[in-house]
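Participant: Got a file for you: structure17.cif, mmCIF, C-alpha atoms.
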data_structure
loop_
_atom_site.label_atom_id
_atom_site.label_comp_id
_atom_site.auth_asym_id
_atom_site.auth_seq_id
_atom_site.Cartn_x
_atom_site.Cartn_y
_atom_site.Cartn_z
CA MET A 530 36.86 -44.51 -47.00
CA LYS A 531 34.55 -41.93 -45.50
CA ILE A 532 36.22 -38.67 -44.46
CA LEU A 533 34.56 -36.04 -42.27
CA ILE A 534 35.83 -32.49 -42.83
CA ALA A 535 35.05 -30.01 -40.06
CA ASP A 536 35.69 -26.29 -40.56
CA ASP A 537 33.47 -23.26 -40.03
CA SER A 538 34.77 -21.84 -43.30
CA ARG A 539 33.01 -23.27 -46.34
CA VAL A 540 35.87 -22.02 -48.48
CA MET A 541 38.39 -23.93 -46.38
CA ARG A 542 36.30 -27.11 -46.57
CA GLN A 543 36.39 -26.75 -50.38
CA ILE A 544 40.14 -26.22 -50.29
CA VAL A 545 40.65 -29.33 -48.14
CA ILE A 546 38.49 -31.39 -50.50
CA ARG A 547 40.35 -30.21 -53.58
CA THR A 548 43.72 -30.73 -51.92
CA LEU A 549 42.73 -34.29 -51.03
CA ARG A 550 41.98 -34.80 -54.71
CA GLN A 551 45.27 -33.19 -55.77
CA ALA A 552 47.12 -35.45 -53.35
CA GLY A 553 45.58 -38.45 -55.07
CA TYR A 554 42.91 -39.29 -52.50
CA ASP A 555 40.01 -38.87 -54.87
CA ASP A 556 38.05 -42.03 -54.38
CA HIS A 557 36.49 -41.34 -50.99
CA ASP A 558 33.15 -40.22 -49.54
CA ILE A 559 33.27 -36.75 -48.06
CA VAL A 560 31.02 -35.49 -45.26
CA GLU A 561 31.18 -31.85 -44.14
CA ALA A 562 30.59 -30.31 -40.72
CA GLU A 563 30.61 -26.62 -39.88
CA ASP A 564 31.67 -26.74 -36.24
CA GLY A 565 32.68 -29.12 -33.47
CA ALA A 566 29.14 -29.83 -32.39
CA ASP A 567 28.05 -30.62 -35.94
CA ALA A 568 31.12 -32.85 -36.33
CA LEU A 569 30.34 -34.72 -33.14
CA ALA A 570 26.77 -35.35 -34.28
CA LYS A 571 27.94 -36.52 -37.70
CA VAL A 572 30.44 -38.97 -36.24
CA GLY A 573 27.44 -40.69 -34.74
CA SER A 574 25.21 -40.55 -37.82
CA GLU A 575 27.82 -41.02 -40.57
CA GLN A 576 30.48 -43.22 -38.94
CA PRO A 577 33.45 -41.70 -40.79
CA ASP A 578 36.80 -43.49 -40.99
CA LEU A 579 38.79 -40.29 -40.56
CA ILE A 580 38.17 -36.76 -39.32
CA LEU A 581 40.04 -33.72 -40.61
CA SER A 582 39.16 -30.83 -38.34
CA ASP A 583 39.93 -27.17 -37.90
CA TRP A 584 40.84 -26.04 -34.36
CA ASN A 585 38.97 -22.78 -33.81
CA MET A 586 35.27 -23.08 -34.56
CA PRO A 587 32.16 -21.57 -32.99
CA ASN A 588 29.83 -23.67 -30.80
CA MET A 589 32.46 -26.31 -30.14
CA SER A 590 36.12 -26.21 -31.09
CA GLY A 591 38.01 -29.03 -32.78
CA ILE A 592 39.92 -29.86 -29.63
CA GLU A 593 36.69 -30.00 -27.60
CA CYS A 594 35.17 -32.28 -30.22
CA LEU A 595 38.18 -34.59 -30.08
CA GLN A 596 38.12 -34.64 -26.30
CA ALA A 597 34.41 -35.48 -26.33
CA LEU A 598 35.01 -38.30 -28.81
CA ARG A 599 37.82 -39.84 -26.80
CA ALA A 600 35.90 -39.45 -23.57
CA SER A 601 32.99 -41.36 -25.10
CA GLY A 602 35.34 -44.18 -26.07
CA SER A 603 35.57 -43.40 -29.78
CA ALA A 604 38.95 -44.19 -31.35
CA VAL A 605 38.10 -42.75 -34.77
CA PRO A 606 41.29 -41.40 -36.43
CA PHE A 607 41.37 -37.62 -36.01
CA GLY A 608 43.76 -35.03 -37.42
CA PHE A 609 43.82 -31.24 -37.22
CA VAL A 610 44.03 -28.89 -40.18
CA THR A 611 44.62 -25.51 -38.58
CA SER A 612 46.24 -22.12 -39.05
CA GLU A 613 48.23 -22.57 -35.83
CA GLY A 614 51.12 -24.97 -36.22
CA SER A 615 53.27 -24.20 -33.20
CA ALA A 616 55.01 -26.88 -31.15
CA GLU A 617 52.67 -26.12 -28.27
CA MET A 618 49.57 -26.70 -30.42
CA ARG A 619 50.98 -29.96 -31.77
CA GLU A 620 51.59 -31.14 -28.25
CA LYS A 621 48.06 -30.26 -27.19
CA ALA A 622 46.71 -32.07 -30.24
CA ALA A 623 48.75 -35.19 -29.57
CA ASP A 624 47.84 -35.20 -25.89
CA ALA A 625 44.16 -35.10 -26.78
CA GLY A 626 44.53 -38.06 -29.11
CA ALA A 627 45.04 -36.55 -32.54
CA LEU A 628 47.13 -38.49 -35.05
CA PHE A 629 48.58 -35.42 -36.75
CA LEU A 630 48.31 -31.67 -37.16
CA ILE A 631 48.52 -30.15 -40.62
CA ALA A 632 49.24 -26.43 -40.51
CA LYS A 633 47.64 -23.99 -42.95
CA PRO A 634 48.74 -23.04 -45.47
CA PHE A 635 49.32 -26.56 -46.76
CA THR A 636 50.06 -28.13 -50.13
CA ALA A 637 49.02 -31.41 -51.68
CA ASP A 638 52.46 -32.74 -50.67
CA THR A 639 51.81 -31.86 -47.02
CA PHE A 640 48.65 -33.92 -47.22
CA THR A 641 50.47 -36.87 -48.75
CA GLU A 642 53.13 -36.70 -46.04
CA HIS A 643 50.62 -36.84 -43.21
CA LEU A 644 47.90 -38.99 -44.72
CA ASP A 645 49.79 -41.74 -46.50
CA GLY A 646 49.82 -43.97 -43.47
CA VAL A 647 46.25 -43.09 -42.58
CA ILE A 648 44.33 -43.25 -45.85
CA ALA A 649 44.75 -46.51 -47.76
CA MET B 1500 62.00 19.14 -21.34
CA THR B 1501 63.04 17.21 -24.40
CA THR B 1502 63.10 13.49 -24.07
CA THR B 1503 62.99 10.50 -26.36
CA ASP B 1504 61.06 8.64 -23.74
CA THR B 1505 58.25 6.77 -25.44
CA GLY B 1506 56.39 6.56 -22.16
CA GLN B 1507 57.23 2.88 -21.75
CA ARG B 1508 58.86 1.89 -18.49
CA ARG B 1509 60.40 -1.54 -18.76
CA ARG B 1510 60.94 -3.74 -15.75
CA SER B 1511 63.49 -6.49 -16.03
CA SER B 1512 60.76 -8.98 -16.93
CA ASP B 1513 59.41 -6.72 -19.70
CA HIS B 1514 55.68 -7.02 -19.15
CA ARG B 1515 54.59 -5.08 -22.18
CA PRO B 1516 56.44 -6.29 -25.27
CA LEU B 1517 55.76 -4.18 -28.35
CA ILE B 1518 55.23 -6.04 -31.60
CA PRO B 1519 58.30 -4.62 -33.44
CA SER B 1520 60.48 -6.43 -30.89
CA LEU B 1521 58.63 -9.71 -31.49
CA ILE B 1522 58.24 -9.94 -35.26
CA ASP B 1523 59.55 -8.03 -38.26
CA GLU B 1524 58.07 -6.98 -41.60
CA ALA B 1525 60.07 -9.59 -43.50
CA THR B 1526 58.50 -12.39 -41.46
CA VAL B 1527 55.00 -11.02 -41.85
CA LEU B 1528 55.55 -10.67 -45.62
CA SER B 1529 56.82 -14.22 -45.86
CA ILE B 1530 53.82 -15.53 -43.91
CA ALA B 1531 51.47 -13.65 -46.24
CA GLU B 1532 53.28 -14.93 -49.33
CA GLU B 1533 52.99 -18.54 -48.18
CA ALA B 1534 49.30 -18.06 -47.48
CA TRP B 1535 48.71 -16.55 -50.90
CA LEU B 1536 50.66 -19.25 -52.73
CA ALA B 1537 48.74 -22.04 -51.05
CA LEU B 1538 45.27 -20.51 -50.95
CA VAL B 1539 45.12 -18.20 -53.94
CA GLY B 1540 47.49 -19.87 -56.39
CA GLU B 1541 51.04 -21.10 -56.89
CA ASP B 1542 51.87 -18.31 -59.31
CA GLU B 1543 50.66 -15.48 -57.13
CA VAL B 1544 53.00 -12.63 -56.32
CA LEU B 1545 52.85 -10.11 -53.48
CA VAL B 1546 54.92 -7.05 -54.27
CA PRO B 1547 56.08 -5.22 -51.13
CA LEU B 1548 54.97 -1.75 -52.14
CA SER B 1549 52.86 0.83 -50.39
CA VAL B 1550 49.99 2.06 -52.54
CA GLU B 1551 47.08 4.11 -51.25
CA LEU B 1552 44.01 2.05 -50.42
CA PRO B 1553 40.78 2.93 -52.22
CA VAL B 1554 37.88 4.59 -50.41
CA ASP B 1555 35.67 1.52 -50.28
CA ILE B 1556 37.70 -0.82 -48.12
CA MET B 1557 37.07 -3.93 -46.10
CA SER B 1558 39.07 -5.60 -43.36
CA SER B 1559 39.29 -9.08 -41.93
CA TRP B 1560 41.15 -9.89 -38.75
CA VAL B 1561 41.80 -12.31 -35.95
CA ASP B 1562 42.68 -11.40 -32.37
CA VAL B 1563 45.65 -12.82 -30.50
CA VAL B 1564 45.55 -12.87 -26.70
CA GLY B 1565 48.66 -13.77 -24.78
CA PRO B 1566 51.98 -12.25 -23.67
CA TRP B 1567 51.30 -9.92 -26.60
CA THR B 1568 47.66 -9.02 -27.25
CA GLY B 1569 46.34 -7.52 -30.44
CA SER B 1570 44.98 -8.20 -33.90
CA VAL B 1571 46.26 -9.32 -37.28
CA VAL B 1572 44.32 -7.20 -39.76
CA LEU B 1573 44.07 -7.50 -43.52
CA THR B 1574 42.68 -4.48 -45.34
CA THR B 1575 41.96 -4.08 -49.02
CA GLY B 1576 39.44 -2.60 -51.45
CA ARG B 1577 36.05 -4.29 -51.48
CA CYS B 1578 36.54 -5.36 -55.11
CA THR B 1579 39.90 -6.89 -54.28
CA ALA B 1580 38.36 -8.79 -51.36
CA GLU B 1581 35.85 -10.21 -53.84
CA ALA B 1582 38.58 -11.13 -56.30
CA LEU B 1583 40.46 -12.87 -53.49
CA SER B 1584 37.38 -14.84 -52.53
CA ARG B 1585 36.72 -15.85 -56.10
CA ALA B 1586 40.32 -17.02 -56.40
CA LEU B 1587 40.03 -19.10 -53.24
CA LEU B 1588 36.81 -20.74 -54.36
CA ARG B 1589 38.16 -21.49 -57.86
CA GLU B 1590 35.76 -23.76 -59.78
CA SER B 1591 33.16 -23.70 -57.04
CA ALA B 1592 32.85 -19.90 -57.18
CA PRO B 1593 29.28 -18.93 -58.13
CA GLU B 1594 28.58 -16.37 -60.90
CA VAL B 1595 27.54 -13.83 -58.32
CA LEU B 1596 29.41 -13.94 -55.03
CA GLU B 1597 27.30 -13.68 -51.89
CA ILE B 1598 28.57 -11.45 -49.10
CA GLU B 1599 28.86 -14.58 -46.94
CA ASP B 1600 31.30 -16.09 -49.45
CA VAL B 1601 33.47 -12.97 -49.37
CA GLU B 1602 33.42 -12.77 -45.58
CA ASP B 1603 34.20 -16.47 -45.37
CA ALA B 1604 37.14 -16.38 -47.79
CA PHE B 1605 38.59 -13.05 -46.72
CA GLY B 1606 38.17 -14.10 -43.09
CA GLU B 1607 39.91 -17.39 -43.74
CA ILE B 1608 42.96 -15.65 -45.21
CA ALA B 1609 43.15 -13.54 -42.05
CA ASN B 1610 42.85 -16.76 -40.04
CA VAL B 1611 45.78 -18.36 -41.87
CA VAL B 1612 48.00 -15.27 -41.78
CA GLY B 1613 47.03 -14.57 -38.16
CA GLY B 1614 47.55 -18.14 -37.05
CA ASN B 1615 51.06 -18.14 -38.47
CA VAL B 1616 51.87 -14.77 -36.91
CA LYS B 1617 50.63 -16.15 -33.59
CA ALA B 1618 52.83 -19.21 -33.98
CA ALA B 1619 55.83 -16.90 -34.54
CA LEU B 1620 55.23 -15.07 -31.26
CA THR B 1621 56.30 -16.40 -27.90
CA GLY B 1622 53.26 -18.32 -26.68
CA PRO B 1623 51.09 -19.49 -25.26
CA SER B 1624 48.39 -17.37 -26.80
CA SER B 1625 44.93 -17.93 -28.13
CA LEU B 1626 43.50 -17.01 -31.51
CA SER B 1627 39.98 -15.74 -32.07
CA LEU B 1628 37.62 -16.61 -34.90
CA PRO B 1629 37.99 -14.25 -37.86
CA GLN B 1630 35.86 -11.14 -38.14
CA VAL B 1631 35.13 -8.99 -41.16
CA GLY B 1632 34.18 -5.32 -41.28
CA ASN B 1633 35.80 -2.02 -40.37
CA ALA B 1634 39.34 -2.47 -39.15
CA PRO B 1635 39.98 -2.13 -35.44
CA VAL B 1636 41.53 1.27 -34.69
CA VAL B 1637 45.27 1.40 -33.99
CA ARG B 1638 45.51 2.01 -30.24
CA ASN B 1639 49.28 2.45 -29.98
CA PRO B 1640 51.27 3.51 -33.07
CA ALA B 1641 54.44 2.16 -31.42
CA ASP B 1642 52.83 -1.28 -31.23
CA VAL B 1643 52.29 -1.91 -34.93
CA CYS B 1644 54.08 -3.98 -37.57
CA ARG B 1645 52.56 -3.18 -40.92
CA VAL B 1646 53.36 -4.57 -44.35
CA ASP B 1647 51.79 -3.09 -47.47
CA VAL B 1648 51.75 -5.19 -50.62
CA VAL B 1649 50.32 -5.11 -54.09
CA TRP B 1650 48.46 -8.19 -55.36
CA ARG B 1651 47.39 -8.30 -59.02
CA GLY B 1652 47.88 -4.56 -59.10
CA GLU B 1653 45.75 -3.87 -56.02
CA PRO B 1654 46.87 -2.72 -52.55
CA VAL B 1655 46.54 -5.06 -49.57
CA SER B 1656 47.68 -4.04 -46.12
CA ILE B 1657 48.64 -6.48 -43.37
CA SER B 1658 48.79 -4.92 -39.94
CA VAL B 1659 49.84 -6.66 -36.74
CA GLN B 1660 48.65 -4.18 -34.15
CA GLY B 1661 48.56 -4.20 -30.38
CA ALA B 1662 45.29 -3.72 -28.50
CA LEU B 1663 46.72 -2.10 -25.39
CA PRO B 1664 46.97 1.69 -25.23
CA PRO B 1665 50.42 3.23 -24.72
CA LEU B 1666 51.60 3.34 -21.12
CA PRO B 1667 51.40 6.77 -19.51
CA VAL B 1668 54.65 8.73 -19.25
CA LEU B 1669 55.74 8.37 -15.66
CA ARG B 1670 57.54 11.03 -13.71
CA PRO B 1671 59.05 10.26 -10.31
CA THR B 1672 56.93 11.62 -7.47
CA PRO B 1673 57.05 11.09 -3.71
CA GLN B 1674 54.07 8.77 -4.16
CA ASN B 1675 55.62 6.90 -7.04
CA PRO B 1676 59.40 6.92 -6.69
CA LEU B 1677 61.44 5.39 -9.47
CA ARG B 1678 62.91 2.05 -8.62
CA GLU B 1679 66.56 1.12 -8.38
CA ASN B 1680 66.96 0.04 -11.97
CA GLU B 1681 64.96 2.89 -13.46
CA VAL B 1682 66.57 5.29 -15.85
CA PRO B 1683 66.08 8.75 -14.34
CA LEU B 1684 64.66 11.47 -16.57
CA MET C 1401 44.40 6.66 -4.51
CA ARG C 1402 40.89 5.35 -5.13
CA ALA C 1403 39.73 2.16 -6.72
CA LEU C 1404 36.27 0.95 -7.66
CA VAL C 1405 35.81 -2.83 -7.80
CA ILE C 1406 32.88 -4.07 -9.87
CA ASP C 1407 31.94 -7.76 -9.92
CA ASP C 1408 28.69 -9.62 -9.40
CA SER C 1409 30.56 -12.15 -7.25
CA ARG C 1410 31.00 -10.98 -3.68
CA ALA C 1411 33.94 -13.34 -3.25
CA MET C 1412 35.72 -11.81 -6.24
CA ARG C 1413 35.01 -8.30 -4.99
CA ARG C 1414 36.56 -9.24 -1.66
CA ILE C 1415 39.65 -10.80 -3.25
CA VAL C 1416 40.34 -7.88 -5.58
CA SER C 1417 39.57 -5.31 -2.89
CA SER C 1418 41.94 -6.89 -0.40
CA ILE C 1419 44.78 -6.88 -2.93
CA LEU C 1420 44.19 -3.22 -3.72
CA ILE C 1421 43.82 -2.25 -0.05
CA GLY C 1422 47.15 -3.98 0.54
CA LEU C 1423 48.63 -1.75 -2.14
CA GLY C 1424 47.31 1.34 -0.40
CA TYR C 1425 44.02 2.00 -2.18
CA GLU C 1426 40.81 3.36 -0.78
CA ILE C 1427 38.06 1.07 -2.06
CA ARG C 1428 34.43 1.18 -3.04
CA ASP C 1429 32.64 -1.67 -4.73
CA ALA C 1430 29.60 -2.39 -6.89
CA GLY C 1431 27.72 -5.48 -8.05
CA HIS C 1432 27.30 -4.52 -11.70
CA GLY C 1433 28.02 -1.78 -14.22
CA ARG C 1434 24.98 0.34 -13.40
CA GLU C 1435 25.88 0.45 -9.71
CA GLY C 1436 29.43 1.32 -10.72
CA LEU C 1437 28.23 4.26 -12.79
CA ASP C 1438 26.13 5.40 -9.81
CA VAL C 1439 29.32 5.69 -7.75
CA LEU C 1440 30.94 7.85 -10.42
CA ASP C 1441 27.75 9.90 -10.74
CA GLU C 1442 28.02 10.72 -7.03
CA GLY C 1443 31.30 12.43 -7.83
CA TRP C 1444 33.52 9.73 -6.31
CA ILE C 1445 35.96 9.47 -9.21
CA PRO C 1446 38.37 6.56 -8.83
CA ASP C 1447 41.88 6.46 -10.25
CA LEU C 1448 41.31 2.80 -11.10
CA VAL C 1449 38.33 0.60 -11.85
CA CYS C 1450 38.67 -3.19 -11.79
CA VAL C 1451 35.68 -4.51 -13.63
CA ASP C 1452 34.39 -8.01 -14.28
CA TRP C 1453 33.01 -8.80 -17.70
CA ASN C 1454 29.87 -10.88 -17.34
CA MET C 1455 27.48 -9.15 -15.00
CA PRO C 1456 23.71 -8.76 -14.91
CA VAL C 1457 21.93 -5.43 -15.51
CA MET C 1458 24.99 -3.80 -17.13
CA ASP C 1459 28.01 -5.82 -18.17
CA GLY C 1460 31.67 -4.85 -18.39
CA LEU C 1461 31.56 -3.83 -22.06
CA GLN C 1462 28.61 -1.50 -21.53
CA PHE C 1463 30.26 -0.04 -18.43
CA VAL C 1464 33.54 0.62 -20.25
CA SER C 1465 31.73 2.26 -23.16
CA ALA C 1466 29.73 4.47 -20.77
CA VAL C 1467 32.80 5.60 -18.84
CA ARG C 1468 34.87 6.31 -21.92
CA SER C 1469 32.12 8.34 -23.52
CA ASN C 1470 32.09 10.79 -20.59
CA PRO C 1471 34.92 13.37 -20.82
CA ALA C 1472 34.57 14.14 -17.10
CA TRP C 1473 35.81 10.63 -16.37
CA ARG C 1474 38.80 10.67 -18.68
CA SER C 1475 41.27 10.23 -15.83
CA VAL C 1476 39.81 6.86 -14.85
CA THR C 1477 41.99 3.85 -15.73
CA ILE C 1478 39.97 0.71 -16.41
CA MET C 1479 41.35 -2.77 -15.84
CA MET C 1480 39.20 -5.61 -17.01
CA VAL C 1481 39.12 -8.76 -14.87
CA THR C 1482 38.37 -11.77 -16.98
CA SER C 1483 38.35 -15.52 -16.90
CA GLU C 1484 40.17 -17.82 -19.31
CA SER C 1485 37.01 -18.54 -21.26
CA GLU C 1486 36.48 -14.87 -22.02
CA HIS C 1487 39.75 -14.54 -23.91
CA THR C 1488 38.01 -13.51 -27.10
CA GLN C 1489 36.36 -10.58 -25.34
CA ILE C 1490 39.64 -9.04 -24.29
CA VAL C 1491 40.49 -7.26 -27.51
CA ARG C 1492 36.90 -6.08 -27.74
CA ALA C 1493 37.15 -4.67 -24.21
CA LEU C 1494 40.39 -2.89 -25.05
CA ALA C 1495 38.87 -1.50 -28.25
CA ALA C 1496 35.96 -0.17 -26.19
CA GLY C 1497 38.43 1.75 -24.06
CA ALA C 1498 39.71 -0.48 -21.28
CA HIS C 1499 43.39 0.12 -20.53
CA GLU C 1500 44.54 -3.24 -19.22
CA TYR C 1501 43.29 -6.67 -18.38
CA VAL C 1502 44.09 -9.41 -15.91
CA ILE C 1503 43.06 -13.04 -16.22
CA LYS C 1504 41.77 -15.14 -13.34
CA PRO C 1505 43.30 -16.74 -11.46
CA PHE C 1506 45.73 -13.90 -10.86
CA THR C 1507 48.22 -13.23 -8.11
CA ALA C 1508 48.55 -10.04 -6.10
CA ASP C 1509 51.95 -9.61 -7.77
CA ALA C 1510 50.42 -9.75 -11.24
CA ILE C 1511 48.07 -6.89 -10.35
CA ARG C 1512 50.82 -4.98 -8.62
CA ASP C 1513 53.14 -5.26 -11.64
CA LYS C 1514 50.47 -4.03 -14.04
CA LEU C 1515 49.60 -1.11 -11.77
CA ALA C 1516 53.28 -0.24 -11.46
CA LEU C 1517 53.56 -0.02 -15.27
CA LEU C 1518 50.53 2.22 -15.30
CA GLY C 1519 51.95 4.47 -12.58
CA LEU C 1520 49.06 3.55 -10.32
CA LEU C 1521 50.85 2.35 -7.20
CA PRO C 1522 50.02 4.44 -4.19
CA GLN C 1523 52.85 5.13 -1.73
CA GLU C 1524 54.38 1.76 -0.93
CA VAL C 1525 53.34 0.20 2.35
CA ALA C 1526 56.39 -0.62 4.48
CA LEU C 1527 56.50 -4.31 5.34
#
Please lay out the structure from this file as structure tokens.

Facilitator:
Amino acid sequence: MKILIADDSRVMRQIVIRTLRQAGYDDHDIVEAEDGADALAKVGSEQPDLILSDWNMPNMSGIECLQALRASGSAVPFGFVTSEGSAEMREKAADAGALFLIAKPFTADTFTEHLDGVIA
Amino acid sequence: MTTTDTGQRRRSSDHRPLIPSLIDEATVLSIAEEAWLALVGEDEVLVPLSVELPVDIMSSWVDVVGPWTGSVVLTTGRCTAEALSRALLRESAPEVLEIEDVEDAFGEIANVVGGNVKAALTGPSSLSLPQVGNAPVVRNPADVCRVDVVWRGEPVSISVQGALPPLPVLRPTPQNPLRENEVPL
Amino acid sequence: MRALVIDDSRAMRRIVSSILIGLGYEIRDAGHGREGLDVLDEGWIPDLVCVDWNMPVMDGLQFVSAVRSNPAWRSVTIMMVTSESEHTQIVRALAAGAHEYVIKPFTADAIRDKLALLGLLPQEVAL
């Protein structure tokens, strides 16, 4: 499976990658994007099977990226990994077409909980 | 005239909530602890203790704009910020840390702490991208919730501070009479 | 009481001015920060300035910094008028010395309530 990780923080992208490994999802191709615009471009060029995206990013936010994807007819599975985990944010995420929202800080168990149905 | 008036006039809808009425130190500490455990390491400890910060300090913060507007600011010594970044990067930490790595990691901790503080406040509010540099000045000392901790022997300060200046002290005048539900001076 | 309304949009200037006139203010307006400073330089010192953020020639941030760096204008209260998309600028504006902010679209009541908290309501107009 090819997973696209979008976050403007390189450190956070590393943390997501290592947490995926800790959660047992270690046999997948990883593509990184540093903002929503980069993520959008890479969906086209890399055709990922899943997107894990931060919310707040420069140039284009995660929610804007998701909205652009859905508007263009893309149904690629999309989940947020963000520091804001309020009910209101989850609702916004779901309304825009996200499958889940993982709040930071997260553990490997959190990843397993949310990703088990999504990643084979 | 002696008065304990803080200069804040509250209407029944309370337009200017101050942060101590919205979140307490225990909650901020618990948010910081969770962030540290997940990002820095499972065995990390934050001791709630106020120790003087060194001279060479660095801050990272995020801004919250909403019913309450202000910043969530982390401040620590430059060396400690580097140690934090190294801990976040773990195996992928280079021999020599670039300033971008430190700003990235230290900024991301502020993002996680700030995002969770924001989620604890009555929304809806928006969160800014993290910034790193000299801490924003405290505009209203009554609108601050600050927690000082010690991490691996070094001081780290977490300050949730409002951006609005204190309201002026109002006295009733013919032009500005106090309303019905005002407490007279 | 005097208010200076600064916005590069004439429609916005008219909207804000009419709310403030309704509250009893005497109004002057300007199309950008530089013009706003010219009004203060004349000696017409307002009690309140409602200033937009994105303006040509001199924007809201530059205007706020200029006003707050002049001790002769210390009595001026500055309220920033901003749109939803400029959220991230709000804390920066406050740090530069603005006292309050209001987000478009706003109601007359929202402005009135903020001015009341600031003690900046002229004698109430009888309805």

Participant: List every residue of chain C that has an atom at most 9 Å from any atom of chain B, giving for each one its closest atom pair and the distance in Å to one decimal, counting all atoms listed in the file, sorted by chain and then by ascending residue number, as a tab-separated table.

Facilitator:
residue	atom	partner	partner_atom	distance
C:His1487	CA	B:Val1564	CA	6.6
C:Thr1488	CA	B:Ser1627	CA	5.8
C:Ile1490	CA	B:Val1564	CA	7.4
C:Val1491	CA	B:Ala1662	CA	6.0
C:Arg1492	CA	B:Ala1662	CA	8.7
C:Leu1494	CA	B:Ala1662	CA	6.0
C:Ala1495	CA	B:Ala1662	CA	6.8
C:Gly1497	CA	B:Pro1664	CA	8.6
C:Ala1498	CA	B:Leu1663	CA	8.3
C:His1499	CA	B:Pro1664	CA	6.1
C:Glu1500	CA	B:Leu1663	CA	6.6
C:Asp1513	CA	B:His1514	CA	8.1
C:Lys1514	CA	B:His1514	CA	7.9
C:Ala1516	CA	B:Asn1675	CA	8.7
C:Leu1517	CA	B:Arg1508	CA	6.5
C:Leu1518	CA	B:Leu1666	CA	6.0
C:Gly1519	CA	B:Leu1669	CA	6.2
C:Leu1520	CA	B:Asn1675	CA	8.1
C:Leu1521	CA	B:Asn1675	CA	6.6
C:Pro1522	CA	B:Gln1674	CA	5.9
C:Gln1523	CA	B:Gln1674	CA	4.5
C:Glu1524	CA	B:Gln1674	CA	7.7

Participant: I'd like the residues picked by the PyMOL selection byres ((chain B) within 12 of (chain A)) written out as a short mmCIF file (atom, residue, chain, number, x, y, z; two decimals) with C-alpha atoms, in the coordinates of the input, using the chain letters and numbers from the file.

Facilitator:
data_model
loop_
_atom_site.label_atom_id
_atom_site.label_comp_id
_atom_site.auth_asym_id
_atom_site.auth_seq_id
_atom_site.Cartn_x
_atom_site.Cartn_y
_atom_site.Cartn_z
CA SER B 1529 56.82 -14.22 -45.86
CA ILE B 1530 53.82 -15.53 -43.91
CA ALA B 1531 51.47 -13.65 -46.24
CA GLU B 1532 53.28 -14.93 -49.33
CA GLU B 1533 52.99 -18.54 -48.18
CA ALA B 1534 49.30 -18.06 -47.48
CA TRP B 1535 48.71 -16.55 -50.90
CA LEU B 1536 50.66 -19.25 -52.73
CA ALA B 1537 48.74 -22.04 -51.05
CA LEU B 1538 45.27 -20.51 -50.95
CA VAL B 1539 45.12 -18.20 -53.94
CA GLY B 1540 47.49 -19.87 -56.39
CA GLU B 1541 51.04 -21.10 -56.89
CA VAL B 1561 41.80 -12.31 -35.95
CA VAL B 1563 45.65 -12.82 -30.50
CA LEU B 1583 40.46 -12.87 -53.49
CA SER B 1584 37.38 -14.84 -52.53
CA ARG B 1585 36.72 -15.85 -56.10
CA ALA B 1586 40.32 -17.02 -56.40
CA LEU B 1587 40.03 -19.10 -53.24
CA LEU B 1588 36.81 -20.74 -54.36
CA ARG B 1589 38.16 -21.49 -57.86
CA GLU B 1590 35.76 -23.76 -59.78
CA SER B 1591 33.16 -23.70 -57.04
CA ALA B 1592 32.85 -19.90 -57.18
CA GLU B 1599 28.86 -14.58 -46.94
CA ASP B 1600 31.30 -16.09 -49.45
CA VAL B 1601 33.47 -12.97 -49.37
CA GLU B 1602 33.42 -12.77 -45.58
CA ASP B 1603 34.20 -16.47 -45.37
CA ALA B 1604 37.14 -16.38 -47.79
CA PHE B 1605 38.59 -13.05 -46.72
CA GLY B 1606 38.17 -14.10 -43.09
CA GLU B 1607 39.91 -17.39 -43.74
CA ILE B 1608 42.96 -15.65 -45.21
CA ALA B 1609 43.15 -13.54 -42.05
CA ASN B 1610 42.85 -16.76 -40.04
CA VAL B 1611 45.78 -18.36 -41.87
CA VAL B 1612 48.00 -15.27 -41.78
CA GLY B 1613 47.03 -14.57 -38.16
CA GLY B 1614 47.55 -18.14 -37.05
CA ASN B 1615 51.06 -18.14 -38.47
CA VAL B 1616 51.87 -14.77 -36.91
CA LYS B 1617 50.63 -16.15 -33.59
CA ALA B 1618 52.83 -19.21 -33.98
CA ALA B 1619 55.83 -16.90 -34.54
CA LEU B 1620 55.23 -15.07 -31.26
CA THR B 1621 56.30 -16.40 -27.90
CA GLY B 1622 53.26 -18.32 -26.68
CA PRO B 1623 51.09 -19.49 -25.26
CA SER B 1624 48.39 -17.37 -26.80
CA SER B 1625 44.93 -17.93 -28.13
CA LEU B 1626 43.50 -17.01 -31.51
CA SER B 1627 39.98 -15.74 -32.07
CA LEU B 1628 37.62 -16.61 -34.90
CA PRO B 1629 37.99 -14.25 -37.86
CA GLN B 1630 35.86 -11.14 -38.14
#

Participant: Residues within 6 Å of region 573-578 of chain A, please, as a PyMOL selection string. Count all atoms listed in the file; anything in the same chain fewer than 5 positions from it doesn't count.

Facilitator: chain A and resi 531-533

Participant: Store the residues picked out above in a file with C-alpha atoms, as a compact mmCIF listing (two decimals), keeping the file's coordinate frame.

Facilitator:
# COMPACT_ATOMS: atom_id res chain seq x y z
CA LYS A 531 34.55 -41.93 -45.50
CA ILE A 532 36.22 -38.67 -44.46
CA LEU A 533 34.56 -36.04 -42.27

Participant: Extract, using only C-alpha atoms, all DNA, RNA and protein residues at most 8 Å from region 1459-1469 of chain C, discarding same-chain residues fewer than 3 positions from it, and format them as a PyMOL selection string.

Facilitator: chain C and resi 1432-1434+1436-1437+1451-1456+1473-1474+1478+1480+1493+1496-1498
